[in-house]
$ cat work19.cif   # mmCIF, C-alpha atoms
data_run
#
loop_
_atom_site.label_atom_id
_atom_site.label_comp_id
_atom_site.auth_asym_id
_atom_site.auth_seq_id
_atom_site.Cartn_x
_atom_site.Cartn_y
_atom_site.Cartn_z
CA ASP A 298 -0.75 4.22 -19.61
CA THR A 299 -4.03 2.89 -18.25
CA GLY A 300 -2.81 2.32 -14.70
CA VAL A 301 -2.89 -0.86 -12.66
CA SER A 302 -6.05 -2.90 -13.11
CA GLN A 303 -7.45 -5.70 -11.00
CA ASP A 304 -10.13 -8.24 -11.71
CA PRO A 305 -12.62 -8.93 -10.29
CA ARG A 306 -13.38 -5.86 -8.22
CA HIS A 307 -15.61 -7.84 -5.88
CA LYS A 308 -15.76 -11.53 -5.06
CA ILE A 309 -18.16 -13.36 -2.76
CA THR A 310 -17.38 -16.99 -2.08
CA LYS A 311 -18.27 -19.72 0.34
CA ARG A 312 -15.82 -20.97 2.91
CA GLY A 313 -13.67 -23.76 1.51
CA GLN A 314 -13.76 -22.57 -2.08
CA ASN A 315 -10.70 -21.48 -4.05
CA VAL A 316 -10.47 -17.98 -5.48
CA THR A 317 -8.08 -16.38 -7.96
CA PHE A 318 -7.48 -12.69 -8.51
CA ARG A 319 -5.74 -11.08 -11.45
CA CYS A 320 -3.57 -7.99 -11.59
CA ASP A 321 -2.39 -6.21 -14.73
CA PRO A 322 0.42 -3.79 -13.92
CA ILE A 323 1.44 -0.65 -15.77
CA SER A 324 2.97 -2.03 -18.95
CA GLU A 325 6.57 -0.88 -18.54
CA HIS A 326 6.80 -1.76 -14.85
CA ASN A 327 8.93 -4.78 -14.00
CA ARG A 328 7.98 -4.98 -10.31
CA LEU A 329 4.60 -6.17 -9.08
CA TYR A 330 3.41 -6.35 -5.46
CA TRP A 331 0.47 -7.91 -3.64
CA TYR A 332 -0.97 -6.57 -0.39
CA ARG A 333 -3.90 -7.38 1.84
CA GLN A 334 -5.85 -4.69 3.66
CA THR A 335 -8.40 -5.28 6.38
CA LEU A 336 -10.82 -2.68 7.69
CA GLY A 337 -9.13 0.14 9.57
CA GLN A 338 -5.62 -1.10 8.86
CA GLY A 339 -2.88 -0.20 6.45
CA PRO A 340 -1.99 -2.51 3.57
CA GLU A 341 -0.05 -5.61 4.63
CA PHE A 342 2.70 -6.70 2.25
CA LEU A 343 2.33 -10.26 0.96
CA THR A 344 4.75 -10.84 -1.89
CA TYR A 345 6.44 -9.25 -4.89
CA PHE A 346 7.87 -10.08 -8.29
CA GLN A 347 10.62 -8.65 -10.39
CA ASN A 348 9.69 -9.68 -13.91
CA GLU A 349 8.65 -13.32 -13.53
CA ALA A 350 10.79 -14.02 -10.46
CA GLN A 351 9.07 -14.05 -7.09
CA LEU A 352 11.72 -12.41 -4.91
CA GLU A 353 9.89 -12.36 -1.61
CA LYS A 354 7.15 -14.66 -0.44
CA SER A 355 7.88 -15.21 3.23
CA ARG A 356 5.04 -12.92 4.19
CA LEU A 357 2.34 -14.82 2.38
CA LEU A 358 -0.15 -15.51 5.10
CA SER A 359 -0.20 -19.28 4.84
CA ASP A 360 0.47 -22.08 2.38
CA ARG A 361 -3.08 -21.57 1.13
CA PHE A 362 -1.86 -18.39 -0.56
CA SER A 363 0.16 -18.49 -3.75
CA ALA A 364 1.03 -16.02 -6.47
CA GLU A 365 2.36 -16.31 -10.00
CA ARG A 366 3.61 -14.03 -12.72
CA PRO A 367 4.42 -16.53 -15.46
CA LYS A 368 5.40 -14.19 -18.28
CA GLY A 369 6.48 -11.20 -16.27
CA SER A 370 3.37 -9.27 -17.16
CA PHE A 371 0.09 -9.95 -15.33
CA SER A 372 -0.01 -11.76 -12.01
CA THR A 373 -2.50 -13.96 -10.22
CA LEU A 374 -3.05 -14.44 -6.50
CA GLU A 375 -4.80 -17.64 -5.48
CA ILE A 376 -6.29 -18.48 -2.12
CA GLN A 377 -7.17 -22.11 -1.61
CA ARG A 378 -9.75 -23.40 0.86
CA THR A 379 -10.87 -19.91 1.80
CA GLU A 380 -11.69 -19.05 5.39
CA GLN A 381 -13.84 -16.26 6.77
CA GLY A 382 -10.68 -14.56 8.03
CA ASP A 383 -9.53 -14.17 4.43
CA SER A 384 -12.22 -11.53 3.89
CA ALA A 385 -10.33 -8.36 3.02
CA MET A 386 -9.31 -6.04 0.22
CA TYR A 387 -6.49 -7.46 -1.92
CA LEU A 388 -4.38 -4.75 -3.52
CA CYS A 389 -1.88 -4.97 -6.33
CA ALA A 390 0.78 -2.39 -7.11
CA SER A 391 3.53 -2.02 -9.68
CA SER A 392 6.71 0.00 -9.95
CA SER A 393 9.51 0.59 -12.42
CA GLY A 394 12.35 -0.60 -10.21
CA VAL A 395 14.12 -0.54 -6.91
CA ALA A 396 13.03 2.17 -4.49
CA ALA A 397 10.55 3.53 -7.04
CA THR A 398 7.02 4.75 -6.52
CA GLN A 399 4.44 2.00 -6.28
CA TYR A 400 1.20 2.61 -8.16
CA PHE A 401 -1.84 0.80 -6.83
CA GLY A 402 -4.82 -0.76 -8.51
CA PRO A 403 -8.39 -0.36 -7.23
CA GLY A 404 -8.27 -3.63 -5.33
CA THR A 405 -10.38 -6.78 -5.18
CA ARG A 406 -12.73 -6.95 -2.23
CA LEU A 407 -13.20 -10.55 -1.05
CA LEU A 408 -16.03 -11.69 1.19
CA VAL A 409 -15.97 -15.25 2.44
CA LEU A 410 -19.29 -16.47 3.78
CA SER B 254 3.31 -6.48 11.85
CA GLN B 255 3.31 -2.94 10.57
CA GLN B 256 6.62 -1.11 10.31
CA GLY B 257 5.27 2.39 10.58
CA GLU B 258 2.99 4.14 12.97
CA GLU B 259 1.05 7.26 12.07
CA ASP B 260 0.06 9.87 14.59
CA PRO B 261 -2.60 10.96 15.25
CA GLN B 262 -4.93 8.10 14.36
CA ALA B 263 -7.68 10.58 13.59
CA LEU B 264 -7.68 14.31 12.88
CA SER B 265 -10.60 16.66 12.32
CA ILE B 266 -10.06 20.23 11.11
CA GLN B 267 -11.93 23.10 9.50
CA GLU B 268 -11.55 23.81 5.81
CA GLY B 269 -8.67 26.21 5.24
CA GLU B 270 -6.65 25.03 8.23
CA ASN B 271 -3.40 23.11 7.95
CA ALA B 272 -3.19 19.41 8.78
CA THR B 273 -0.05 17.73 10.06
CA MET B 274 0.38 14.01 10.47
CA ASN B 275 3.43 12.09 11.57
CA CYS B 276 4.94 8.73 10.80
CA SER B 277 7.52 6.83 12.82
CA TYR B 278 9.35 3.72 11.70
CA LYS B 279 11.76 1.25 13.18
CA THR B 280 14.59 0.34 10.80
CA SER B 281 16.81 1.90 8.18
CA ILE B 282 15.02 2.73 4.96
CA ASN B 283 15.75 3.50 1.30
CA ASN B 284 12.77 5.79 0.98
CA LEU B 285 9.46 6.72 2.54
CA GLN B 286 6.25 7.30 0.63
CA TRP B 287 2.96 8.90 1.57
CA TYR B 288 -0.34 7.69 0.15
CA ARG B 289 -3.95 8.80 0.38
CA GLN B 290 -6.92 6.45 0.40
CA ASN B 291 -10.52 7.46 0.12
CA SER B 292 -12.98 5.18 1.86
CA GLY B 293 -13.09 1.77 0.20
CA ARG B 294 -10.89 2.84 -2.69
CA GLY B 295 -7.35 2.18 -3.86
CA LEU B 296 -4.30 4.12 -2.71
CA VAL B 297 -3.12 7.24 -4.47
CA HIS B 298 0.58 8.07 -4.32
CA LEU B 299 1.36 11.54 -2.97
CA ILE B 300 5.10 11.94 -2.42
CA LEU B 301 8.25 9.79 -2.28
CA ILE B 302 11.17 11.07 -0.19
CA ARG B 303 14.52 9.32 -0.29
CA SER B 304 16.63 8.65 2.76
CA ASN B 305 19.18 11.30 1.75
CA GLU B 306 16.50 13.98 1.40
CA ARG B 307 15.13 16.09 4.25
CA GLU B 308 12.18 17.89 2.70
CA LYS B 309 10.01 17.76 -0.41
CA HIS B 310 7.11 19.80 -1.66
CA SER B 311 4.27 19.04 -4.04
CA GLY B 312 1.57 21.64 -4.39
CA ARG B 313 -0.09 22.01 -0.98
CA LEU B 314 1.89 19.08 0.44
CA ARG B 315 5.13 19.27 2.36
CA VAL B 316 6.96 16.18 3.58
CA THR B 317 9.92 16.11 5.93
CA LEU B 318 12.14 13.19 6.84
CA ASP B 319 14.39 12.88 9.89
CA THR B 320 16.34 9.65 9.60
CA SER B 321 18.05 10.19 12.96
CA LYS B 322 14.66 10.12 14.65
CA LYS B 323 13.20 7.63 12.18
CA SER B 324 10.24 9.88 11.57
CA SER B 325 8.47 11.77 8.81
CA SER B 326 5.71 14.34 8.71
CA LEU B 327 3.14 15.27 6.08
CA LEU B 328 1.75 18.79 6.08
CA ILE B 329 -1.31 19.66 4.04
CA THR B 330 -1.79 23.42 3.83
CA ALA B 331 -5.08 25.24 3.23
CA SER B 332 -7.07 22.02 3.55
CA ARG B 333 -10.17 21.34 1.49
CA ALA B 334 -13.14 19.06 2.08
CA ALA B 335 -11.82 16.88 -0.76
CA ASP B 336 -8.72 16.15 1.35
CA THR B 337 -10.89 14.02 3.65
CA ALA B 338 -9.30 10.57 3.47
CA SER B 339 -6.93 8.21 5.24
CA TYR B 340 -3.23 8.93 4.87
CA PHE B 341 -0.56 6.25 5.09
CA CYS B 342 3.21 6.27 5.16
CA ALA B 343 5.07 3.35 3.62
CA THR B 344 8.72 2.45 4.08
CA ASP B 345 11.10 0.56 1.86
CA ARG B 346 13.60 -1.09 4.19
CA THR B 347 17.29 -1.31 3.31
CA THR B 348 17.40 -4.96 4.31
CA GLY B 349 15.24 -7.54 2.67
CA ASN B 350 12.68 -6.98 -0.03
CA GLN B 351 9.69 -6.04 2.05
CA PHE B 352 7.55 -2.96 2.25
CA TYR B 353 5.63 -1.71 5.22
CA PHE B 354 2.65 0.56 5.62
CA GLY B 355 1.63 2.28 8.80
CA THR B 356 -1.80 2.13 10.37
CA GLY B 357 -2.89 5.43 8.86
CA THR B 358 -4.28 8.80 9.92
CA SER B 359 -7.93 9.42 9.20
CA LEU B 360 -8.35 13.09 8.23
CA THR B 361 -11.73 14.80 8.19
CA VAL B 362 -11.93 18.31 6.76
CA ILE B 363 -15.16 20.05 7.74
CA PRO B 364 -16.52 22.48 5.12
#
$ encode --input "work19.cif" --output "structure tokens"
Amino acid sequence: DTGVSQDPRHKITKRGQNVTFRCDPISEHNRLYWYRQTLGQGPEFLTYFQNEAQLEKSRLLSDRFSAERPKGSFSTLEIQRTEQGDSAMYLCASSSGVAATQYFGPGTRLLVL
Amino acid sequence: SQQGEEDPQALSIQEGENATMNCSYKTSINNLQWYRQNSGRGLVHLILIRSNEREKHSGRLRVTLDTSKKSSSLLITASRAADTASYFCATDRTTGNQFYFGTGTSLTVIP
């Protein structure tokens, strides 16, 4: 068990560019979550998957945000046409089922210039 | 919007003292979890307490849950400088598939 990993750890991009982040959950976990955290705030839930099914996506911040988990293992979060307001820490977590502990990765820190 | 609210927003204590922080939430939950986050780092899970539980312990941590008041507290006993961090509660609502974190309590333990 190597824990949840995220790649990259840091990303600097120019406004208008697309970015994609990857999350590798703990191997036996079937649930995967994405959050956004801005400075001084708690994590804000974005979306989650159970295996490859995206069960909740109403809280994705806009239609510029999308997430996939094509084989039920790793997941990607894409932000299209980035804006300066997208600058934040993007956190991924995984869990083994309903109402189970969520284990977090180290996060990807995004800076949009 | 955030589901939970932690209180106080910031807490500063001397090493060896106890630290208590509170979390209030708005709707029925399946469970409530407490996390710690060191500055700029990921979240570390501390304790999960289910809605049918009233108290749980883990080492120097004690968590209580009062579902009638929709509140929880986290007590850290005999605090250490290494406990300096932000502490968040997170709730798993009974309706919908969404998870909410509070705004956090920033704890500073002075050596």
$ interface_residues --input "work19.cif" --of "chain B" --to "chain A" --cutoff "12 Å" --atoms "only C-alpha atoms" --output "ChimeraX atom specification"
/B:254-259,262-263,282-304,339-347,349-359
$ resolve_selection --input "work19.cif" --expression "the PyMOL selection byres ((chain A and resi 303-312) around 9)" --output "list in words"
Val301, Ser302, Gly313, Gln314, Asn315, Val316, Phe318, Arg319, Cys320, Asp321, Pro322, Arg378, Thr379, Glu380, Gln381, Met386, Leu388, Cys389, Gly402, Pro403, Gly404, Thr405, Arg406, Leu407, Leu408, Val409 and Leu410 of chain A
$ residues_around --input "work19.cif" --residues "Val316 (chain B)" --least-positions-apart "2" --cutoff "8 Å" --atoms "all atoms listed in the file" --output "list in words"
Ile300, Ile302, Glu308, Lys309, His310, Leu314, Leu318, Ser325, Ser326, Leu327 and Leu328 of chain B
$ resolve_selection --input "work19.cif" --expression "the PyMOL selection byres ((chain A and resi 348) around 6)" --output "JSON, numbers by chain"
{"A": [327, 346, 347, 349, 350, 369]}
$ closest_residue --input "work19.cif" --among "B:Lys323, B:Arg307, B:Ala334, B:Lys279" --to "Leu360 (chain B)" --atoms "only C-alpha atoms"
B:Ala334
$ atom_distance --input "work19.cif" --atom1 "CA of Leu358 (chain A)" --atom2 "CA of Ser324 (chain A)"
27.7 Å
$ closest_residue --input "work19.cif" --among "B:Thr273, B:Gln267, B:Pro261, B:Asn305" --to "Arg333 (chain B)" --atoms "all atoms listed in the file"
B:Gln267
$ resolve_selection --input "work19.cif" --expression "the PyMOL selection byres ((chain B and resi 332) around 12)" --output "VMD selection string"
chain B and resid 265 to 273 312 to 314 328 to 331 333 to 338 360 to 364
$ atom_distance --input "work19.cif" --atom1 "CA of Asn275 (chain B)" --atom2 "CA of Gly394 (chain A)"
26.7 Å
$ closest_residue --input "work19.cif" --among "A:Gln377, A:Thr299, A:Gly382, A:Ser393" --to "Ala364 (chain A)" --atoms "all atoms listed in the file"
A:Gln377
$ decode --input "work19.cif" --residues "region 327-339 of chain B" --atoms "all heavy atoms" --output "PDB file, in the first residue's frame"
ATOM      1  N   LEU B 327     -13.397  17.762  18.996  1.00  0.00           N
ATOM      2  CA  LEU B 327     -12.121  17.049  18.973  1.00  0.00           C
ATOM      3  C   LEU B 327     -11.275  17.596  20.105  1.00  0.00           C
ATOM      4  O   LEU B 327     -11.028  18.792  20.187  1.00  0.00           O
ATOM      5  CB  LEU B 327     -11.401  17.267  17.642  1.00  0.00           C
ATOM      6  CG  LEU B 327      -9.947  16.768  17.562  1.00  0.00           C
ATOM      7  CD1 LEU B 327      -9.890  15.247  17.665  1.00  0.00           C
ATOM      8  CD2 LEU B 327      -9.289  17.240  16.269  1.00  0.00           C
ATOM      9  N   LEU B 328     -10.857  16.690  20.990  1.00  0.00           N
ATOM     10  CA  LEU B 328      -9.984  17.053  22.103  1.00  0.00           C
ATOM     11  C   LEU B 328      -8.619  16.429  21.876  1.00  0.00           C
ATOM     12  O   LEU B 328      -8.529  15.217  21.652  1.00  0.00           O
ATOM     13  CB  LEU B 328     -10.574  16.569  23.430  1.00  0.00           C
ATOM     14  CG  LEU B 328      -9.651  16.616  24.651  1.00  0.00           C
ATOM     15  CD1 LEU B 328      -9.344  18.067  25.031  1.00  0.00           C
ATOM     16  CD2 LEU B 328     -10.279  15.882  25.827  1.00  0.00           C
ATOM     17  N   ILE B 329      -7.594  17.255  21.919  1.00  0.00           N
ATOM     18  CA  ILE B 329      -6.217  16.773  21.869  1.00  0.00           C
ATOM     19  C   ILE B 329      -5.620  17.009  23.248  1.00  0.00           C
ATOM     20  O   ILE B 329      -5.526  18.156  23.715  1.00  0.00           O
ATOM     21  CB  ILE B 329      -5.377  17.519  20.813  1.00  0.00           C
ATOM     22  CG1 ILE B 329      -6.031  17.427  19.437  1.00  0.00           C
ATOM     23  CG2 ILE B 329      -3.955  16.961  20.766  1.00  0.00           C
ATOM     24  CD1 ILE B 329      -5.344  18.268  18.371  1.00  0.00           C
ATOM     25  N   THR B 330      -5.241  15.938  23.919  1.00  0.00           N
ATOM     26  CA  THR B 330      -4.683  16.088  25.266  1.00  0.00           C
ATOM     27  C   THR B 330      -3.158  16.170  25.211  1.00  0.00           C
ATOM     28  O   THR B 330      -2.525  15.691  24.259  1.00  0.00           O
ATOM     29  CB  THR B 330      -5.079  14.911  26.156  1.00  0.00           C
ATOM     30  OG1 THR B 330      -4.580  13.699  25.567  1.00  0.00           O
ATOM     31  CG2 THR B 330      -6.590  14.807  26.289  1.00  0.00           C
ATOM     32  N   ALA B 331      -2.589  16.812  26.221  1.00  0.00           N
ATOM     33  CA  ALA B 331      -1.132  16.930  26.347  1.00  0.00           C
ATOM     34  C   ALA B 331      -0.507  17.329  25.022  1.00  0.00           C
ATOM     35  O   ALA B 331       0.332  16.610  24.466  1.00  0.00           O
ATOM     36  CB  ALA B 331      -0.550  15.609  26.867  1.00  0.00           C
ATOM     37  N   SER B 332      -0.901  18.466  24.507  1.00  0.00           N
ATOM     38  CA  SER B 332      -0.489  18.885  23.160  1.00  0.00           C
ATOM     39  C   SER B 332       1.026  19.011  23.035  1.00  0.00           C
ATOM     40  O   SER B 332       1.745  19.277  24.002  1.00  0.00           O
ATOM     41  CB  SER B 332      -1.149  20.215  22.807  1.00  0.00           C
ATOM     42  OG  SER B 332      -0.698  21.221  23.683  1.00  0.00           O
ATOM     43  N   ARG B 333       1.476  18.820  21.791  1.00  0.00           N
ATOM     44  CA  ARG B 333       2.893  18.923  21.459  1.00  0.00           C
ATOM     45  C   ARG B 333       3.063  19.930  20.334  1.00  0.00           C
ATOM     46  O   ARG B 333       2.140  20.194  19.583  1.00  0.00           O
ATOM     47  CB  ARG B 333       3.423  17.560  20.997  1.00  0.00           C
ATOM     48  CG  ARG B 333       3.188  16.443  21.988  1.00  0.00           C
ATOM     49  CD  ARG B 333       3.432  15.092  21.334  1.00  0.00           C
ATOM     50  NE  ARG B 333       3.184  13.993  22.264  1.00  0.00           N
ATOM     51  CZ  ARG B 333       3.123  12.718  21.894  1.00  0.00           C
ATOM     52  NH1 ARG B 333       3.299  12.391  20.636  1.00  0.00           N
ATOM     53  NH2 ARG B 333       2.899  11.791  22.794  1.00  0.00           N
ATOM     54  N   ALA B 334       4.257  20.477  20.188  1.00  0.00           N
ATOM     55  CA  ALA B 334       4.505  21.428  19.102  1.00  0.00           C
ATOM     56  C   ALA B 334       4.170  20.817  17.745  1.00  0.00           C
ATOM     57  O   ALA B 334       3.696  21.502  16.840  1.00  0.00           O
ATOM     58  CB  ALA B 334       5.962  21.890  19.140  1.00  0.00           C
ATOM     59  N   ALA B 335       4.382  19.500  17.610  1.00  0.00           N
ATOM     60  CA  ALA B 335       4.105  18.821  16.340  1.00  0.00           C
ATOM     61  C   ALA B 335       2.616  18.756  16.026  1.00  0.00           C
ATOM     62  O   ALA B 335       2.234  18.424  14.892  1.00  0.00           O
ATOM     63  CB  ALA B 335       4.688  17.414  16.361  1.00  0.00           C
ATOM     64  N   ASP B 336       1.756  19.076  16.992  1.00  0.00           N
ATOM     65  CA  ASP B 336       0.311  19.111  16.733  1.00  0.00           C
ATOM     66  C   ASP B 336      -0.109  20.383  16.015  1.00  0.00           C
ATOM     67  O   ASP B 336      -1.264  20.505  15.597  1.00  0.00           O
ATOM     68  CB  ASP B 336      -0.468  19.001  18.051  1.00  0.00           C
ATOM     69  CG  ASP B 336      -0.278  17.675  18.748  1.00  0.00           C
ATOM     70  OD1 ASP B 336      -0.083  16.651  18.054  1.00  0.00           O
ATOM     71  OD2 ASP B 336      -0.321  17.655  20.004  1.00  0.00           O
ATOM     72  N   THR B 337       0.803  21.336  15.875  1.00  0.00           N
ATOM     73  CA  THR B 337       0.498  22.573  15.165  1.00  0.00           C
ATOM     74  C   THR B 337       0.082  22.249  13.734  1.00  0.00           C
ATOM     75  O   THR B 337       0.840  21.642  12.976  1.00  0.00           O
ATOM     76  CB  THR B 337       1.719  23.506  15.161  1.00  0.00           C
ATOM     77  OG1 THR B 337       1.990  23.926  16.498  1.00  0.00           O
ATOM     78  CG2 THR B 337       1.471  24.734  14.288  1.00  0.00           C
ATOM     79  N   ALA B 338      -1.137  22.635  13.378  1.00  0.00           N
ATOM     80  CA  ALA B 338      -1.704  22.301  12.073  1.00  0.00           C
ATOM     81  C   ALA B 338      -3.108  22.892  12.002  1.00  0.00           C
ATOM     82  O   ALA B 338      -3.599  23.483  12.964  1.00  0.00           O
ATOM     83  CB  ALA B 338      -1.772  20.784  11.888  1.00  0.00           C
ATOM     84  N   SER B 339      -3.748  22.714  10.852  1.00  0.00           N
ATOM     85  CA  SER B 339      -5.171  23.020  10.725  1.00  0.00           C
ATOM     86  C   SER B 339      -5.959  21.730  10.861  1.00  0.00           C
ATOM     87  O   SER B 339      -5.540  20.682  10.366  1.00  0.00           O
ATOM     88  CB  SER B 339      -5.464  23.674   9.366  1.00  0.00           C
ATOM     89  OG  SER B 339      -4.902  24.957   9.304  1.00  0.00           O
TER      90      SER B 339
END
